[in-house]
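S.K.: Handing you a structure now.
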Amino acid sequence: MTQIAFPFGFDTRGRTLGADDDDHARDLIEQVLFTTPGERVNRPTFGSGLLQALFAPNSDELVATTQFLVQGALQQWVGNLIALESVDVAASDSTVTVTIQYTLRSTGDRKTAQFTRAV
């Protein structure tokens, strides 16, 4: 089944750009990671709070807390699509890198995705 791609776009035929199950799951993970709770009107709890945590002083406790928040948000919002295996959050200066290992529930394929964002 084809899902709508993120970010929204059009293919060469002028139709809505689609994504396969693997790309769709990755797109949803990215949305959860980089959406701040309260940002979406009809889903005020959607998101992970990852970007807010980056403005706190860097420490081991902050990294552990951020990993816990990200893991909980992913399990809540995309847990029906993926089985989360590990989450690694690394912050360096103004850049955050999140590495996630997961298994797609629909196919059983094991995936690793890395997301980087400068704040």
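Chain identifiers are assigned as A, B, and so on, following the order in which chains appear in the structure tokens; residues are numbered from 1 within each chain, and ligands are numbered from 1 in order of appearance.
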Which residues of region 79-106 of chain A come within 12 Å of region 22-43 of chain A, and what is each one's closest atom pair and distance in Å (one decimal), counting only C-alpha atoms, sorted by chain and residue number, as a tab-separated table?
M.R.:
```
residue	atom	partner	partner_atom	distance
A:Gly79	CA	A:Ile29	CA	10.1
A:Asn80	CA	A:Ala25	CA	10.2
A:Leu81	CA	A:Ala25	CA	6.8
A:Ile82	CA	A:Ala25	CA	7.5
A:Ala83	CA	A:Ala25	CA	11.0
A:Leu84	CA	A:Ile29	CA	10.7
A:Val87	CA	A:Leu33	CA	11.3
A:Val89	CA	A:Leu33	CA	10.9
A:Val96	CA	A:Phe34	CA	10.6
A:Thr97	CA	A:Leu33	CA	10.7
A:Val98	CA	A:Leu33	CA	8.6
A:Thr99	CA	A:Ile29	CA	10.9
A:Ile100	CA	A:Ile29	CA	9.1
A:Gln101	CA	A:Arg26	CA	11.0
A:Tyr102	CA	A:Ala25	CA	10.0
A:Thr103	CA	A:Asp22	CA	9.9
A:Leu104	CA	A:Asp22	CA	7.4
A:Arg105	CA	A:Ala25	CA	10.1
A:Ser106	CA	A:Asp22	CA	9.3
```
S.K.: Find the spatial neighbours of region 16-19 of chain A, counting only C-alpha atoms, within a cut-off of 8 Å - ignore same-chain residues fewer than 5 positions away - and output them as a ChimeraX atom specification.
M.R.: /A:2-5,8-11,24
S.K.: Can you check which residues of chain A DSSP gives as alpha helix (DSSP H) on the backbone and send them as a ChimeraX atom specification?
M.R.: /A:21-34,50-53,60-78
S.K.: Using DSSP on the backbone, list every residue of region 14-89 of chain A that comes out as strand (DSSP E), and give them as an MDAnalysis selection string.
M.R.: chainID A and resid 18:19 82:89
S.K.: May I have the residues within 8 Å of Val70 (chain A) as a list in words, using only C-alpha atoms and disregarding those fewer than 3 positions away in the same chain?
M.R.: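 With the cut-off at 8 Å, the set is Leu33, Ser48, Gly49, Leu50, Thr66, Gln67, Ala73, Leu74 and Val87 of chain A.
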